[in-house]
Every structure is written in C-alpha cells, then in structure tokens.
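Enquirer: I have a structure here, written as structure tokens, and I will follow up with some questions on it.
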Amino acid sequence: MAFYNFSSVYSNPKGSPIRALYKHLSEPGMISFAGGYPDPQLFDVEGLRQASERAFDNSKACLEYGATDGTPRLKDEIVRLMHARGVSAQPENIIVTTGSQQAFDLILRVMVEKGDRVLVEQPTYSTNIQAVHAYQASVQSVPVTADGLDVLELERLLSSASVSGQLPKLLYTIPNFSNPSGATMTRERRIRLLQLAVQYQLLLVEDDPYGGLRFKGDAVPSLMALASEVPGAQDWVVHLSSLSKIVAPGLRVGWAVAPVEILRRCSVAKQSADVGSSPWTQNIAAEYLSGGRLEKHLSHICAAYGAKCRALADGLRRELGEELAFHEPSGGMFIWARLTGAVTASELLQQAIARGVMFVPGEGFQVDAADPFSLRLSFATPTLDEVATGTRRLGEALADTQARKSPQTLLA
Ligand code: PMP
C-alpha cells in the first residue's frame, strides 16, 4: 500500500510508547500513572492571565514576527533565571526555542551527521531516542544508576572507542530527576563527566526541564554551572531548559544555553524550522517571569508534587511490597520501578488496564537490551485519592497476572 516514497527515516517510524496508551485514557474511571504532563490544577492561571494582559498591552510586539533566537526581553529574564541557578549566561549564549524539545532537535541538526555516534542514558526520554534516530546517528547507551549516569562505564566506553578511532560526538543526559529514571547525578559524577568531556572532546547536552521541581534535599549544580570548575569544560556543555514543567507547557517556551559558535548555527537552523518561536507567548513568559510570582509558585507546586510522590511510593510499597523495586526520587514527576518476579511490565499492563489503572512499560525508554520488567509511573496528574486507588488496583492487577501465568512460567 505504501506508494508514497517516504524518506528512509520516516518510512516506518516508531510512535511514542505513551501515545500508544492514549486510547485507554478516556475509559471511564481510568487512573493514569502513564502520562508525563504537569498537573493542570497547579497552573498559575491567574498569574498567567495577568501576564498575558500586560503582554498584550504591546500588541504589535505580540503579533509581529520576532527575532529568530528570541525576544530580547525574554532572553534577559532567562539570563536572570540562569544566574539564580548558578550559570553566568549572557543573552548571546541563549536561543529561545519552541519548547526545549526543539532545542535538542536544533543541536542534533547542527552537530550530527548520518553514522555519527551519539550516546544516551539508559533509560532515557523516549522522544529524544526518536530524535537521534531521525538524524541517522548510531545510538549507544550508558547505564544510569540511582546516582545518575554511570561515569565509570562511560569512561570504559570512551577509552575503547578512542582506541578504535570511533569516538562519539555527543552525549545526551538528563541529570536532574530524569525522565524516566527519576535519578539525579551526584556532584562527583558531574565533575568526572565534565573531565571526560574535555579529555575526549565529547559535547554534553544537558537537558534540565525538571531541576526546578525539587521537593527534598539540596540542589546539585548543573553541569553548565560546574563547567567553570573544570578547565576547558565550558566549551563542551550545552544546557537545555524549559518553562513547561515549572510554569506551563502550553507556552511552548524552552531555551538552550551554549557556546556562541554552536548557537549561531542553531539560529540558522531555526529559521527554516519555524522562523522563530511565538513572540506572543514569549512576551507572556517574560511578563510572568518579571512579575515575581515564580518563586512562590514553585514552592507551591514542589510541595504538591512532593506529597503525590510520597503517596505513590507509599502506595506501591503497601500494595506491591517486595514485588516492585524502586528508588524514591527527590523531585520531578517520575518513579522508575522494576518488577522482581516473573511477570513482565507489558503483562502487568494488560491486567492493569482491565482494572482501570495505567503506567508505561520501560522498554520504550531503552535503546540496548531493554529490560522487560522495568516500568515508569508518573505521580504528576492523579489526585492523592486516585494515587491510593490506583496503587490498590495495581496490586490487584499483579495478583491477577500472576494467577494467569502458568505455574511453569512462574518458576522460570
Ligand atoms: N526533555 C525531557 C526530559 C522531557 O521529559 C520533556 C517533556 N516531556 C522535554 C524535554 C520537552 O519539553 P518541552 O515542553 O520543553 O519541549
């Protein structure tokens, strides 16, 4: 039937593991731990309404085309936000993008050629596995532990790649409350990673949409902030961030902070991608950030996400006990877990959907030797009551699945 002559990359594309579950979301009473969206109940609607009205006072600036790399006012606000996060960026180091998703795509566009080696974490954000495949890179993974990227494993990989003359060009990492692993890279590992980047001329793409959502413990400085402590490292870090998780994804406001040489090329690439991100929502974002509500808003949403995370972790421990292993994250939106028995995540999901609860099997987040027992649960959108009911249903679904599996398989 395929009479269109599609490009090889899109002739048979794999969809997102989450989108495949959308059809079940509308089933009556379904409780979803599957999504990755922020809780709409937590949006600062009033603050954004006021910011929107102030922005529209200068209607021409909202409705006309804007600069490809972002409106000067928003870039100034991003400079201030990045300074507060320990990064001394200047406006010329910043490009505003249509979500941080676009920032990653632009970086790949200007850096990666067919056949180039690109490293990602295992597990990692599934959409960006697709993004790397779209540029026909050869993708390889480095494992993540509870302390973030396994830098010893990375070092081994880089040292043998350098012997064979096949060094990777770029490494994509999500150091804070990763999607999907929930893990945060320790400061020691970050410093080691920066040293390796300098030694092997490896561009680190640090994706940090969740860093603002810390609900316990102390913040670890970003790779970009720590780069000033490692000689030469500032040339090897690109930092991506976004307002999607801390303000609202509907703004579609993200950004990259990077060396000027890289950004200049991203700006050319962005011209043909979308001419520029919407000046209207950039102006709303600038008004919101300058209005001084972000700090209070953040403490409100972090407390709410923290409570939901605790409720999910407690519920999982109560209802599934030893059958499910996981580390409780200190921020973000996700718990990454592993079934310890003979039941796989996909098998559990079938029964879970029948019981009215959903999660995402972990295989779609992995590029090498995917673990069929892993799964991702998001605590962001369900209410505390739904978390309690949802975890109870999960426990029942696991019992159903175990009962359905033949005794022979259970012993395997
Ligand atoms: N990176 C990660 C790790 C994400 O989880 C997401 C959103 N799910 C994005 C990037 C994209 O976010 P944005 O809305 O800023 O494009």
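Identifiers in the structure tokens: chain A, B, ... in order shown; residue index from 1 per chain; ligand index from 1 in order shown.
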Based on DSSP run over this structure's backbone, return all residues of range 1-40 of chain A in helix (DSSP H, G or I), as a compact mmCIF listing (two decimals) with all heavy atoms, in the first residue's frame.
Expert:
```txt
# COMPACT_ATOMS: atom_id res chain seq x y z
N SER A 8 13.80 7.39 4.25
CA SER A 8 14.03 6.11 4.92
C SER A 8 13.72 6.22 6.42
O SER A 8 13.17 5.31 7.02
CB SER A 8 15.46 5.64 4.69
OG SER A 8 16.36 6.64 5.10
N VAL A 9 14.02 7.37 7.02
CA VAL A 9 13.81 7.52 8.47
C VAL A 9 12.33 7.43 8.83
O VAL A 9 11.96 6.88 9.86
CB VAL A 9 14.40 8.86 8.96
CG1 VAL A 9 13.98 9.15 10.38
CG2 VAL A 9 15.91 8.85 8.84
N TYR A 10 11.46 7.98 7.97
CA TYR A 10 10.04 8.03 8.32
C TYR A 10 9.20 6.99 7.58
O TYR A 10 7.98 7.01 7.68
CB TYR A 10 9.49 9.45 8.07
CG TYR A 10 10.02 10.40 9.12
CD1 TYR A 10 11.11 11.22 8.86
CD2 TYR A 10 9.46 10.44 10.40
CE1 TYR A 10 11.63 12.05 9.84
CE2 TYR A 10 9.96 11.27 11.38
CZ TYR A 10 11.04 12.07 11.11
OH TYR A 10 11.54 12.88 12.08
N ARG A 19 2.02 7.53 23.63
CA ARG A 19 0.89 7.82 22.73
C ARG A 19 0.05 6.58 22.45
O ARG A 19 -1.16 6.65 22.29
CB ARG A 19 1.37 8.46 21.44
CG ARG A 19 1.61 9.92 21.66
CD ARG A 19 2.08 10.70 20.46
NE ARG A 19 2.62 11.96 20.93
CZ ARG A 19 1.91 13.06 21.10
NH1 ARG A 19 0.63 13.08 20.81
NH2 ARG A 19 2.47 14.16 21.57
N ALA A 20 0.73 5.43 22.41
CA ALA A 20 0.01 4.18 22.13
C ALA A 20 -1.04 3.89 23.22
O ALA A 20 -1.98 3.13 22.99
CB ALA A 20 1.01 3.04 22.03
N LEU A 21 -0.87 4.49 24.39
CA LEU A 21 -1.79 4.21 25.50
C LEU A 21 -2.94 5.21 25.57
O LEU A 21 -3.87 5.06 26.35
CB LEU A 21 -1.03 4.25 26.84
CG LEU A 21 0.10 3.24 27.00
CD1 LEU A 21 0.88 3.51 28.28
CD2 LEU A 21 -0.47 1.83 27.04
N TYR A 22 -2.88 6.28 24.74
CA TYR A 22 -3.86 7.36 24.83
C TYR A 22 -5.30 6.87 24.75
O TYR A 22 -6.17 7.39 25.43
CB TYR A 22 -3.62 8.40 23.72
CG TYR A 22 -2.60 9.47 24.08
CD1 TYR A 22 -1.90 9.42 25.28
CD2 TYR A 22 -2.35 10.51 23.21
CE1 TYR A 22 -0.97 10.38 25.60
CE2 TYR A 22 -1.41 11.49 23.52
CZ TYR A 22 -0.72 11.41 24.71
OH TYR A 22 0.20 12.37 25.01
N LYS A 23 -5.52 5.85 23.89
CA LYS A 23 -6.91 5.43 23.67
C LYS A 23 -7.57 4.94 24.96
O LYS A 23 -8.78 5.03 25.11
CB LYS A 23 -6.99 4.37 22.56
CG LYS A 23 -6.19 3.11 22.81
CD LYS A 23 -6.42 2.13 21.65
CE LYS A 23 -5.77 0.78 21.86
NZ LYS A 23 -4.29 0.81 21.72
N HIS A 24 -6.75 4.48 25.91
CA HIS A 24 -7.34 3.97 27.17
C HIS A 24 -7.64 5.08 28.17
O HIS A 24 -8.38 4.88 29.12
CB HIS A 24 -6.38 2.96 27.83
CG HIS A 24 -6.13 1.77 26.97
ND1 HIS A 24 -7.09 0.82 26.70
CD2 HIS A 24 -5.02 1.37 26.29
CE1 HIS A 24 -6.60 -0.11 25.91
NE2 HIS A 24 -5.34 0.20 25.65
N LEU A 25 -7.04 6.26 27.91
CA LEU A 25 -7.18 7.35 28.89
C LEU A 25 -8.62 7.77 29.08
O LEU A 25 -9.02 8.17 30.17
CB LEU A 25 -6.38 8.57 28.42
CG LEU A 25 -4.94 8.66 28.87
CD1 LEU A 25 -4.33 9.95 28.39
CD2 LEU A 25 -4.85 8.58 30.40
N PRO A 40 -2.61 20.10 35.57
CA PRO A 40 -3.24 21.37 35.19
C PRO A 40 -3.85 22.11 36.37
O PRO A 40 -4.02 23.33 36.32
CB PRO A 40 -4.31 20.95 34.18
CG PRO A 40 -4.49 19.48 34.34
CD PRO A 40 -3.23 18.93 34.93
```
Enquirer: Please return, as a VMD selection string, all residues of range 124-287 of chain A that DSSP assigns to strand (DSSP E) on the basis of the backbone.
Expert: chain A and resid 138 to 145 148 to 149 170 to 173 203 to 207 237 to 242 253 to 257
Enquirer: Report as a PyMOL selection string all protein, DNA and RNA residues lying within 8 Å of Ala397 in chain A, evaluated on only C-alpha atoms, omitting residues in the same chain fewer than 5 positions from it.
Expert: chain A and resi 348+351-352+355
Enquirer: Any residue with an atom at most 6 Å from ligand 1 counts, using only C-alpha atoms and all ligand atoms. Which are they? Put them as a list in words.
Expert: Gly36, Gly99, Ser100, Gln101, Tyr125, Asn179, Asp207, Pro209, Ser242, Ser244, Pro249, Arg252 and Gly254 of chain A
Enquirer: With distances taken over only C-alpha atoms, which of A:Glu347, A:Asp400, A:Glu287, A:Glu295 is nearest to Phe56 in chain A?
Expert: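 Between A:Glu347, A:Asp400, A:Glu287, A:Glu295, the residue approaching Phe56 in chain A most closely is A:Glu287.
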Enquirer: Set out as JSON lines a contact list for range 223-335 of chain A and range 375-391 of chain A with a cut-off of 7 Å, giving each residue of range 223-335 of chain A that qualifies its closest atom pair and distance in Å to one decimal, counting only C-alpha atoms, ordered by chain and rising residue number.
Expert:
```
{"residue": "A:Tyr305", "atom": "CA", "partner": "A:Ala380", "partner_atom": "CA", "distance": 6.3}
{"residue": "A:Lys308", "atom": "CA", "partner": "A:Phe379", "partner_atom": "CA", "distance": 5.8}
{"residue": "A:Cys309", "atom": "CA", "partner": "A:Phe379", "partner_atom": "CA", "distance": 5.7}
{"residue": "A:Ala311", "atom": "CA", "partner": "A:Val387", "partner_atom": "CA", "distance": 6.7}
{"residue": "A:Leu312", "atom": "CA", "partner": "A:Val387", "partner_atom": "CA", "distance": 5.9}
{"residue": "A:Gly315", "atom": "CA", "partner": "A:Thr391", "partner_atom": "CA", "distance": 5.4}
{"residue": "A:Leu316", "atom": "CA", "partner": "A:Thr391", "partner_atom": "CA", "distance": 5.8}
{"residue": "A:Glu319", "atom": "CA", "partner": "A:Thr391", "partner_atom": "CA", "distance": 6.4}
{"residue": "A:Met333", "atom": "CA", "partner": "A:Ala380", "partner_atom": "CA", "distance": 5.4}
{"residue": "A:Phe334", "atom": "CA", "partner": "A:Ser378", "partner_atom": "CA", "distance": 4.5}
{"residue": "A:Ile335", "atom": "CA", "partner": "A:Leu377", "partner_atom": "CA", "distance": 5.2}
```
Enquirer: So how many Å separate CA of Ala197 in chain A and CA of Trp236 in chain A, to one decimal?
Expert: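 Computing the Euclidean distance for CA of Ala197 in chain A and CA of Trp236 in chain A yields 6.4 Å.
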Enquirer: Which is closer to Ala51 in chain A than all the others in A:Leu298, A:Ala325, A:Ala285, A:Ala303, using only C-alpha atoms?
Expert: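 Nearest to Ala51 in chain A: A:Ala285.
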Enquirer: Just want the 8 Å neighbourhood of Leu48 in chain A, counted on only C-alpha atoms, with same-chain residues fewer than 3 positions away dropped. Output as a ChimeraX atom specification.
Expert: /A:44-45,51-52,284,288
Enquirer: Export, as a PDB file, in the first residue's frame, the selected residues with all heavy atoms.
Expert:
```
ATOM      1  N   ASP A  44      -0.599  28.337  37.407  1.00  0.00           N
ATOM      2  CA  ASP A  44      -0.899  29.650  37.991  1.00  0.00           C
ATOM      3  C   ASP A  44      -1.721  30.429  36.966  1.00  0.00           C
ATOM      4  O   ASP A  44      -1.230  31.347  36.304  1.00  0.00           O
ATOM      5  CB  ASP A  44       0.424  30.365  38.323  1.00  0.00           C
ATOM      6  CG  ASP A  44       0.205  31.730  38.948  1.00  0.00           C
ATOM      7  OD1 ASP A  44      -0.965  32.106  39.211  1.00  0.00           O
ATOM      8  OD2 ASP A  44       1.212  32.437  39.153  1.00  0.00           O
ATOM      9  N   VAL A  45      -2.993  30.033  36.843  1.00  0.00           N
ATOM     10  CA  VAL A  45      -3.842  30.598  35.789  1.00  0.00           C
ATOM     11  C   VAL A  45      -3.984  32.112  35.956  1.00  0.00           C
ATOM     12  O   VAL A  45      -3.867  32.862  34.980  1.00  0.00           O
ATOM     13  CB  VAL A  45      -5.229  29.908  35.802  1.00  0.00           C
ATOM     14  CG1 VAL A  45      -6.165  30.553  34.788  1.00  0.00           C
ATOM     15  CG2 VAL A  45      -5.070  28.416  35.503  1.00  0.00           C
ATOM     16  N   ALA A  51      -0.242  38.217  33.248  1.00  0.00           N
ATOM     17  CA  ALA A  51       0.947  38.367  32.400  1.00  0.00           C
ATOM     18  C   ALA A  51       0.525  38.512  30.937  1.00  0.00           C
ATOM     19  O   ALA A  51       1.089  39.311  30.176  1.00  0.00           O
ATOM     20  CB  ALA A  51       1.865  37.162  32.565  1.00  0.00           C
ATOM     21  N   SER A  52      -0.501  37.766  30.570  1.00  0.00           N
ATOM     22  CA  SER A  52      -0.982  37.793  29.196  1.00  0.00           C
ATOM     23  C   SER A  52      -1.561  39.175  28.865  1.00  0.00           C
ATOM     24  O   SER A  52      -1.305  39.727  27.792  1.00  0.00           O
ATOM     25  CB  SER A  52      -2.040  36.696  29.084  1.00  0.00           C
ATOM     26  OG  SER A  52      -2.613  36.693  27.847  1.00  0.00           O
ATOM     27  N   ILE A 284       4.398  36.822  27.011  1.00  0.00           N
ATOM     28  CA  ILE A 284       3.663  36.404  28.224  1.00  0.00           C
ATOM     29  C   ILE A 284       4.656  35.816  29.233  1.00  0.00           C
ATOM     30  O   ILE A 284       4.640  36.144  30.425  1.00  0.00           O
ATOM     31  CB  ILE A 284       2.563  35.367  27.875  1.00  0.00           C
ATOM     32  CG1 ILE A 284       1.512  35.998  26.984  1.00  0.00           C
ATOM     33  CG2 ILE A 284       1.942  34.800  29.155  1.00  0.00           C
ATOM     34  CD1 ILE A 284       0.494  35.002  26.406  1.00  0.00           C
ATOM     35  N   TYR A 288       5.526  37.134  32.902  1.00  0.00           N
ATOM     36  CA  TYR A 288       5.329  36.250  34.057  1.00  0.00           C
ATOM     37  C   TYR A 288       6.597  36.192  34.895  1.00  0.00           C
ATOM     38  O   TYR A 288       6.558  36.347  36.121  1.00  0.00           O
ATOM     39  CB  TYR A 288       4.916  34.847  33.608  1.00  0.00           C
ATOM     40  CG  TYR A 288       4.537  33.984  34.788  1.00  0.00           C
ATOM     41  CD1 TYR A 288       3.281  34.093  35.378  1.00  0.00           C
ATOM     42  CD2 TYR A 288       5.460  33.105  35.367  1.00  0.00           C
ATOM     43  CE1 TYR A 288       2.947  33.356  36.505  1.00  0.00           C
ATOM     44  CE2 TYR A 288       5.129  32.364  36.492  1.00  0.00           C
ATOM     45  CZ  TYR A 288       3.871  32.492  37.045  1.00  0.00           C
ATOM     46  OH  TYR A 288       3.551  31.780  38.165  1.00  0.00           O
TER      47      TYR A 288
END
```
Enquirer: Residues near Asp69 in chain A, anyone? I mean within 8 Å using only C-alpha atoms, not counting same-chain ones fewer than 4 positions away, as a PyMOL selection string.
Expert: chain A and resi 94-97+267+270+276
Enquirer: Using only C-alpha atoms, can you tell me which of A:His239, A:Glu27, A:Gln136, A:Phe33 comes closest to Pro361 in chain A?
Expert: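 Distance minimum relative to Pro361 in chain A lands on A:Phe33.
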Enquirer: Which residues are near range 215-222 of chain A? Cut-off 8 Å, only C-alpha atoms, ignore same chain within fewer than 3 positions. Put them as JSON, numbers by chain.
Expert: {"A": [85, 86, 175, 186, 187, 225, 226, 302, 303, 305, 306, 330, 331]}
